[in-house]
Amino acid sequence: MDVVAGLTRELMALRALHELQDGWVVNLGLGMPTLLADLLPPDREIYLHAENGLLGFGPYAEEGMGDPDFVNAGGQPVTLRPGASFFDSAASFAIVRGGRLDAAVLGGMQVAENGDLANWMTPSRGLGGVGGAMDIAASARRVIVLMEHTTRAGEPKLVQRCTYPLTAAGVVDLIITDLAVIAVTPGGFELRELAPGVPFVEVQRRTDASLRAAAEIREIGL
């Protein structure tokens, strides 16, 4: 496929922040979603949750300044925001399974038009572990997937049906890629926003499922 200039990962993460409301408890998945912690303005009252037992963390710690007890679910040193708290993993998953997560921002390897999510293993990787992603994806009130629109080889990640092992079925509400913002609706994928300079037809060409255009398609705003 030809190269198309889309949003950077940082701009994608900034767009995802627009979906979060003050007062929300939000889990950030590994990979690109962790960028939201660095971009979260200090005046926003959003409580970031990590399934290893941390609520209210902030940006990554500067190199050499991290505390080994202050890490996110990926083991990366983070800073704490005022009011942060710690607890064991049993309490952390009670938050998850009890429906206390207002949103989860997760990475994705494939998302199907019915909202199925695959984000933990590709067939080429062989054995792997889903970790806490299955509980989080199935329990969060709103699931936002942050990912590139295609693989490095140019294969679509938005598909009619997932061919990778599922993380959870029918859970995805919104997808933010480098090319577009796409909602998962009962009728399938609905394209609502386009990256600057990216035409609808190009996004459809890179999507292995039909895209329905929203009544009004906007340029992705930050």
# chains A, B, ... in the order shown; residues from 1 in each chain; ligands from 1
>>> residues_around(residues="Gly107 (chain A)", least_positions_apart="5", cutoff="12 Å", atoms="only C-alpha atoms", output="PyMOL selection string")
chain A and resi 9+12-13+16+27-35+117-121+133+137+143-149+157+167+172+174-177
>>> select_by_dssp(residues="region 156-199 of chain A", states="strand (DSSP E or B)", output="PyMOL selection string")
chain A and resi 156+158-159+168+174-176+180-185+188-194
>>> closest_residue(among="A:Asp88, A:Asp102, A:Glu63, A:Glu19", to="Leu48 (chain A)", atoms="only C-alpha atoms")
A:Asp102
>>> residues_around(residues="region 189-196 of chain A", least_positions_apart="6", cutoff="12 Å", atoms="only C-alpha atoms", output="PDB file with N, CA and C atoms, in the first residue's frame")
ATOM      1  N   VAL A   4       0.520   6.893   3.442  1.00  0.00           N
ATOM      2  CA  VAL A   4      -0.420   7.987   3.677  1.00  0.00           C
ATOM      3  C   VAL A   4      -0.053   8.632   5.005  1.00  0.00           C
ATOM      4  N   ALA A   5       0.095   9.945   4.997  1.00  0.00           N
ATOM      5  CA  ALA A   5       0.441  10.650   6.230  1.00  0.00           C
ATOM      6  C   ALA A   5      -0.789  10.731   7.117  1.00  0.00           C
ATOM      7  N   GLY A   6      -0.680  10.209   8.317  1.00  0.00           N
ATOM      8  CA  GLY A   6      -1.775  10.283   9.273  1.00  0.00           C
ATOM      9  C   GLY A   6      -1.288  10.895  10.571  1.00  0.00           C
ATOM     10  N   LEU A   7      -2.025  10.671  11.630  1.00  0.00           N
ATOM     11  CA  LEU A   7      -1.664  11.212  12.931  1.00  0.00           C
ATOM     12  C   LEU A   7      -0.485  10.453  13.530  1.00  0.00           C
ATOM     13  N   THR A   8       0.345  11.161  14.291  1.00  0.00           N
ATOM     14  CA  THR A   8       1.383  10.503  15.072  1.00  0.00           C
ATOM     15  C   THR A   8       0.739   9.800  16.263  1.00  0.00           C
ATOM     16  N   LEU A  11      -0.510  12.332  18.802  1.00  0.00           N
ATOM     17  CA  LEU A  11      -1.760  12.993  18.426  1.00  0.00           C
ATOM     18  C   LEU A  11      -2.945  12.042  18.574  1.00  0.00           C
ATOM     19  N   MET A  12      -2.732  10.772  18.293  1.00  0.00           N
ATOM     20  CA  MET A  12      -3.788   9.786  18.504  1.00  0.00           C
ATOM     21  C   MET A  12      -4.160   9.720  19.989  1.00  0.00           C
ATOM     22  N   ARG A  15      -6.171  12.699  20.991  1.00  0.00           N
ATOM     23  CA  ARG A  15      -7.568  12.576  20.572  1.00  0.00           C
ATOM     24  C   ARG A  15      -8.341  11.658  21.527  1.00  0.00           C
ATOM     25  N   VAL A 111      -9.872  -5.452  15.286  1.00  0.00           N
ATOM     26  CA  VAL A 111     -11.216  -5.152  15.791  1.00  0.00           C
ATOM     27  C   VAL A 111     -12.190  -5.505  14.682  1.00  0.00           C
ATOM     28  N   ALA A 112     -13.220  -6.290  15.034  1.00  0.00           N
ATOM     29  CA  ALA A 112     -14.233  -6.682  14.053  1.00  0.00           C
ATOM     30  C   ALA A 112     -15.387  -5.695  14.054  1.00  0.00           C
ATOM     31  N   GLU A 113     -16.146  -5.708  12.977  1.00  0.00           N
ATOM     32  CA  GLU A 113     -17.235  -4.749  12.822  1.00  0.00           C
ATOM     33  C   GLU A 113     -18.346  -4.940  13.852  1.00  0.00           C
ATOM     34  N   ASN A 114     -18.362  -6.070  14.538  1.00  0.00           N
ATOM     35  CA  ASN A 114     -19.345  -6.283  15.611  1.00  0.00           C
ATOM     36  C   ASN A 114     -18.783  -5.935  16.986  1.00  0.00           C
ATOM     37  N   GLY A 115     -17.557  -5.368  17.022  1.00  0.00           N
ATOM     38  CA  GLY A 115     -16.965  -4.947  18.285  1.00  0.00           C
ATOM     39  C   GLY A 115     -16.075  -5.967  18.955  1.00  0.00           C
ATOM     40  N   ASP A 116     -15.858  -7.115  18.340  1.00  0.00           N
ATOM     41  CA  ASP A 116     -14.913  -8.083  18.904  1.00  0.00           C
ATOM     42  C   ASP A 116     -13.509  -7.491  18.906  1.00  0.00           C
ATOM     43  N   HIS A 149      -3.982   1.960  11.813  1.00  0.00           N
ATOM     44  CA  HIS A 149      -5.076   1.428  10.996  1.00  0.00           C
ATOM     45  C   HIS A 149      -4.691   0.109  10.329  1.00  0.00           C
ATOM     46  N   LEU A 158      -8.898  -3.406  10.992  1.00  0.00           N
ATOM     47  CA  LEU A 158     -10.352  -3.338  11.127  1.00  0.00           C
ATOM     48  C   LEU A 158     -10.927  -4.324  10.129  1.00  0.00           C
ATOM     49  N   VAL A 159     -11.584  -5.357  10.639  1.00  0.00           N
ATOM     50  CA  VAL A 159     -11.935  -6.506   9.812  1.00  0.00           C
ATOM     51  C   VAL A 159     -13.408  -6.882   9.989  1.00  0.00           C
ATOM     52  N   GLN A 160     -13.887  -7.718   9.066  1.00  0.00           N
ATOM     53  CA  GLN A 160     -15.249  -8.236   9.198  1.00  0.00           C
ATOM     54  C   GLN A 160     -15.344  -9.172  10.398  1.00  0.00           C
ATOM     55  N   VAL A 172     -16.019  -3.333  21.946  1.00  0.00           N
ATOM     56  CA  VAL A 172     -15.401  -2.076  21.505  1.00  0.00           C
ATOM     57  C   VAL A 172     -16.475  -1.051  21.143  1.00  0.00           C
ATOM     58  N   ASP A 173     -16.305   0.156  21.659  1.00  0.00           N
ATOM     59  CA  ASP A 173     -17.221   1.263  21.359  1.00  0.00           C
ATOM     60  C   ASP A 173     -16.654   2.218  20.317  1.00  0.00           C
ATOM     61  N   LEU A 174     -15.352   2.494  20.405  1.00  0.00           N
ATOM     62  CA  LEU A 174     -14.745   3.507  19.534  1.00  0.00           C
ATOM     63  C   LEU A 174     -13.324   3.091  19.204  1.00  0.00           C
ATOM     64  N   ILE A 175     -12.910   3.378  17.961  1.00  0.00           N
ATOM     65  CA  ILE A 175     -11.562   3.082  17.496  1.00  0.00           C
ATOM     66  C   ILE A 175     -10.939   4.376  17.008  1.00  0.00           C
ATOM     67  N   ILE A 176      -9.746   4.666  17.496  1.00  0.00           N
ATOM     68  CA  ILE A 176      -8.987   5.835  17.049  1.00  0.00           C
ATOM     69  C   ILE A 176      -7.715   5.329  16.397  1.00  0.00           C
ATOM     70  N   THR A 177      -7.568   5.598  15.117  1.00  0.00           N
ATOM     71  CA  THR A 177      -6.367   5.182  14.398  1.00  0.00           C
ATOM     72  C   THR A 177      -5.631   6.408  13.886  1.00  0.00           C
ATOM     73  N   ASP A 178      -4.538   6.163  13.190  1.00  0.00           N
ATOM     74  CA  ASP A 178      -3.785   7.270  12.606  1.00  0.00           C
ATOM     75  C   ASP A 178      -4.528   7.906  11.437  1.00  0.00           C
ATOM     76  N   LEU A 179      -5.587   7.246  10.956  1.00  0.00           N
ATOM     77  CA  LEU A 179      -6.321   7.757   9.800  1.00  0.00           C
ATOM     78  C   LEU A 179      -7.707   8.287  10.123  1.00  0.00           C
ATOM     79  N   ALA A 180      -8.347   7.758  11.177  1.00  0.00           N
ATOM     80  CA  ALA A 180      -9.758   8.089  11.373  1.00  0.00           C
ATOM     81  C   ALA A 180     -10.217   7.764  12.786  1.00  0.00           C
ATOM     82  N   VAL A 181     -11.388   8.287  13.117  1.00  0.00           N
ATOM     83  CA  VAL A 181     -12.116   7.914  14.329  1.00  0.00           C
ATOM     84  C   VAL A 181     -13.373   7.190  13.867  1.00  0.00           C
ATOM     85  N   ILE A 182     -13.537   5.962  14.346  1.00  0.00           N
ATOM     86  CA  ILE A 182     -14.600   5.088  13.857  1.00  0.00           C
ATOM     87  C   ILE A 182     -15.354   4.509  15.039  1.00  0.00           C
ATOM     88  N   ALA A 183     -16.666   4.642  15.019  1.00  0.00           N
ATOM     89  CA  ALA A 183     -17.515   4.082  16.067  1.00  0.00           C
ATOM     90  C   ALA A 183     -17.994   2.691  15.649  1.00  0.00           C
ATOM     91  N   GLU A 202      -9.721   6.350   0.960  1.00  0.00           N
ATOM     92  CA  GLU A 202      -8.455   5.731   1.344  1.00  0.00           C
ATOM     93  C   GLU A 202      -8.606   4.917   2.627  1.00  0.00           C
ATOM     94  N   VAL A 203      -9.396   5.427   3.558  1.00  0.00           N
ATOM     95  CA  VAL A 203      -9.639   4.677   4.786  1.00  0.00           C
ATOM     96  C   VAL A 203     -10.396   3.394   4.471  1.00  0.00           C
ATOM     97  N   GLN A 204     -11.389   3.483   3.582  1.00  0.00           N
ATOM     98  CA  GLN A 204     -12.129   2.277   3.193  1.00  0.00           C
ATOM     99  C   GLN A 204     -11.211   1.263   2.529  1.00  0.00           C
ATOM    100  N   THR A 207      -9.464  -0.878   5.024  1.00  0.00           N
ATOM    101  CA  THR A 207     -10.336  -1.505   6.007  1.00  0.00           C
ATOM    102  C   THR A 207     -10.986  -2.733   5.404  1.00  0.00           C
ATOM    103  N   ASP A 208     -10.899  -3.872   6.086  1.00  0.00           N
ATOM    104  CA  ASP A 208     -11.465  -5.121   5.579  1.00  0.00           C
ATOM    105  C   ASP A 208     -12.889  -5.309   6.082  1.00  0.00           C
ATOM    106  N   ALA A 209     -13.684  -4.282   5.977  1.00  0.00           N
ATOM    107  CA  ALA A 209     -15.104  -4.311   6.329  1.00  0.00           C
ATOM    108  C   ALA A 209     -15.708  -3.037   5.757  1.00  0.00           C
ATOM    109  N   SER A 210     -17.010  -3.027   5.591  1.00  0.00           N
ATOM    110  CA  SER A 210     -17.658  -1.835   5.047  1.00  0.00           C
ATOM    111  C   SER A 210     -17.662  -0.712   6.077  1.00  0.00           C
ATOM    112  N   LEU A 211     -17.412   0.496   5.608  1.00  0.00           N
ATOM    113  CA  LEU A 211     -17.491   1.690   6.432  1.00  0.00           C
ATOM    114  C   LEU A 211     -18.724   2.489   6.038  1.00  0.00           C
ATOM    115  N   ARG A 212     -19.503   2.863   7.030  1.00  0.00           N
ATOM    116  CA  ARG A 212     -20.627   3.760   6.775  1.00  0.00           C
ATOM    117  C   ARG A 212     -20.215   5.164   7.197  1.00  0.00           C
ATOM    118  N   ALA A 213     -20.436   6.129   6.340  1.00  0.00           N
ATOM    119  CA  ALA A 213     -20.085   7.509   6.657  1.00  0.00           C
ATOM    120  C   ALA A 213     -21.134   8.101   7.590  1.00  0.00           C
ATOM    121  N   ALA A 214     -20.677   8.783   8.629  1.00  0.00           N
ATOM    122  CA  ALA A 214     -21.592   9.508   9.514  1.00  0.00           C
ATOM    123  C   ALA A 214     -22.277  10.623   8.743  1.00  0.00           C
ATOM    124  N   ALA A 215     -23.374  11.109   9.285  1.00  0.00           N
ATOM    125  CA  ALA A 215     -24.100  12.204   8.624  1.00  0.00           C
ATOM    126  C   ALA A 215     -23.200  13.397   8.397  1.00  0.00           C
ATOM    127  N   GLU A 216     -22.295  13.628   9.336  1.00  0.00           N
ATOM    128  CA  GLU A 216     -21.323  14.721   9.206  1.00  0.00           C
ATOM    129  C   GLU A 216     -19.959  14.179   9.605  1.00  0.00           C
ATOM    130  N   ILE A 217     -19.030  14.155   8.639  1.00  0.00           N
ATOM    131  CA  ILE A 217     -17.669  13.710   8.911  1.00  0.00           C
ATOM    132  C   ILE A 217     -16.805  14.930   9.174  1.00  0.00           C
ATOM    133  N   ARG A 218     -16.178  14.949  10.333  1.00  0.00           N
ATOM    134  CA  ARG A 218     -15.338  16.075  10.716  1.00  0.00           C
ATOM    135  C   ARG A 218     -13.857  15.714  10.580  1.00  0.00           C
ATOM    136  N   GLU A 219     -13.035  16.729  10.543  1.00  0.00           N
ATOM    137  CA  GLU A 219     -11.588  16.520  10.650  1.00  0.00           C
ATOM    138  C   GLU A 219     -11.266  16.277  12.125  1.00  0.00           C
ATOM    139  N   ILE A 220     -10.369  15.340  12.370  1.00  0.00           N
ATOM    140  CA  ILE A 220     -10.013  15.027  13.763  1.00  0.00           C
ATOM    141  C   ILE A 220      -9.495  16.290  14.439  1.00  0.00           C
ATOM    142  N   GLY A 221     -10.150  16.652  15.534  1.00  0.00           N
ATOM    143  CA  GLY A 221      -9.765  17.847  16.269  1.00  0.00           C
ATOM    144  C   GLY A 221      -9.025  17.501  17.548  1.00  0.00           C
ATOM    145  N   LEU A 222      -8.070  18.354  17.900  1.00  0.00           N
ATOM    146  CA  LEU A 222      -7.265  18.131  19.101  1.00  0.00           C
ATOM    147  C   LEU A 222      -7.370  19.333  20.013  1.00  0.00           C
TER     148      LEU A 222
END
>>> select_by_dssp(residues="region 32-159 of chain A", states="alpha helix (DSSP H)", output="VMD selection string")
chain A and resid 35 to 39 89 to 97 133 to 139
>>> atom_distance(atom1="CA of Asp43 (chain A)", atom2="CA of Leu55 (chain A)")
16.7 Å
>>> residues_around(residues="His49 (chain A)", least_positions_apart="3", cutoff="9 Å", atoms="only C-alpha atoms", output="short mmCIF file (atom, residue, chain, number, x, y, z; two decimals) with all heavy atoms, in the first residue's frame")
data_model
loop_
_atom_site.label_atom_id
_atom_site.label_comp_id
_atom_site.auth_asym_id
_atom_site.auth_seq_id
_atom_site.Cartn_x
_atom_site.Cartn_y
_atom_site.Cartn_z
N VAL A 25 -12.74 6.79 36.23
CA VAL A 25 -11.64 5.85 36.50
C VAL A 25 -11.35 5.15 35.17
O VAL A 25 -12.25 4.56 34.57
CB VAL A 25 -12.04 4.83 37.58
CG1 VAL A 25 -10.94 3.78 37.76
CG2 VAL A 25 -12.31 5.54 38.90
N VAL A 26 -10.09 5.22 34.73
CA VAL A 26 -9.74 4.78 33.38
C VAL A 26 -8.53 3.86 33.44
O VAL A 26 -7.49 4.21 34.00
CB VAL A 26 -9.44 5.97 32.46
CG1 VAL A 26 -9.06 5.49 31.06
CG2 VAL A 26 -10.63 6.92 32.39
N ASN A 27 -8.66 2.69 32.84
CA ASN A 27 -7.52 1.78 32.72
C ASN A 27 -6.82 2.01 31.39
O ASN A 27 -7.48 2.14 30.35
CB ASN A 27 -8.00 0.32 32.81
CG ASN A 27 -6.85 -0.67 32.72
OD1 ASN A 27 -6.39 -1.00 31.64
ND2 ASN A 27 -6.40 -1.12 33.88
N LEU A 28 -5.50 2.07 31.42
CA LEU A 28 -4.71 2.22 30.21
C LEU A 28 -4.00 0.91 29.90
O LEU A 28 -3.25 0.39 30.73
CB LEU A 28 -3.66 3.34 30.37
CG LEU A 28 -4.18 4.74 30.67
CD1 LEU A 28 -3.01 5.71 30.77
CD2 LEU A 28 -5.18 5.21 29.62
N ASN A 52 -2.26 -3.90 38.42
CA ASN A 52 -1.36 -4.43 39.44
C ASN A 52 -1.61 -3.79 40.81
O ASN A 52 -0.97 -4.17 41.79
CB ASN A 52 0.10 -4.23 39.03
CG ASN A 52 0.45 -2.77 38.80
OD1 ASN A 52 -0.36 -2.00 38.30
ND2 ASN A 52 1.65 -2.37 39.17
N GLY A 53 -2.55 -2.83 40.90
CA GLY A 53 -2.93 -2.30 42.20
C GLY A 53 -2.57 -0.85 42.43
O GLY A 53 -2.11 -0.48 43.51
N LEU A 54 -2.81 -0.01 41.43
CA LEU A 54 -2.47 1.41 41.54
C LEU A 54 -3.60 2.23 40.92
O LEU A 54 -4.11 1.92 39.85
CB LEU A 54 -1.16 1.68 40.80
CG LEU A 54 -0.64 3.11 40.72
CD1 LEU A 54 -0.47 3.71 42.11
CD2 LEU A 54 0.69 3.15 39.97
N LEU A 55 -4.01 3.27 41.63
CA LEU A 55 -5.05 4.17 41.14
C LEU A 55 -4.59 5.60 41.35
O LEU A 55 -4.21 5.98 42.45
CB LEU A 55 -6.37 3.94 41.89
CG LEU A 55 -7.56 4.81 41.45
CD1 LEU A 55 -7.98 4.45 40.03
CD2 LEU A 55 -8.73 4.62 42.40
N GLY A 56 -4.61 6.38 40.27
CA GLY A 56 -4.22 7.78 40.37
C GLY A 56 -2.78 8.05 40.00
O GLY A 56 -2.17 8.99 40.51
N PHE A 57 -2.23 7.26 39.06
CA PHE A 57 -0.86 7.53 38.65
C PHE A 57 -0.82 8.59 37.56
O PHE A 57 -1.84 8.94 36.96
CB PHE A 57 -0.13 6.26 38.23
CG PHE A 57 -0.65 5.60 36.98
CD1 PHE A 57 -0.12 5.90 35.74
CD2 PHE A 57 -1.64 4.62 37.05
CE1 PHE A 57 -0.57 5.28 34.59
CE2 PHE A 57 -2.11 3.99 35.91
CZ PHE A 57 -1.57 4.32 34.68
N ASN A 72 3.51 0.98 36.62
CA ASN A 72 2.22 0.63 36.03
C ASN A 72 2.17 -0.86 35.76
O ASN A 72 3.09 -1.61 36.12
CB ASN A 72 1.95 1.47 34.77
CG ASN A 72 2.97 1.20 33.66
OD1 ASN A 72 3.67 0.19 33.65
ND2 ASN A 72 3.06 2.12 32.71
N SER A 92 -7.77 -4.73 43.09
CA SER A 92 -7.74 -4.09 41.78
C SER A 92 -8.71 -4.74 40.81
O SER A 92 -9.44 -4.06 40.08
CB SER A 92 -6.31 -4.16 41.22
OG SER A 92 -6.22 -3.44 40.01
N LEU A 101 -14.80 0.57 36.34
CA LEU A 101 -14.02 1.25 35.31
C LEU A 101 -14.97 1.99 34.37
O LEU A 101 -15.79 1.38 33.69
CB LEU A 101 -13.20 0.25 34.50
CG LEU A 101 -11.99 -0.40 35.16
CD1 LEU A 101 -11.31 -1.35 34.16
CD2 LEU A 101 -11.00 0.63 35.68
#
>>> closest_residue(among="A:Leu40, A:Met109, A:Ala91, A:Leu17", to="Arg152 (chain A)", atoms="only C-alpha atoms")
A:Met109
>>> atom_distance(atom1="CA of Val184 (chain A)", atom2="CA of Val171 (chain A)")
9.2 Å
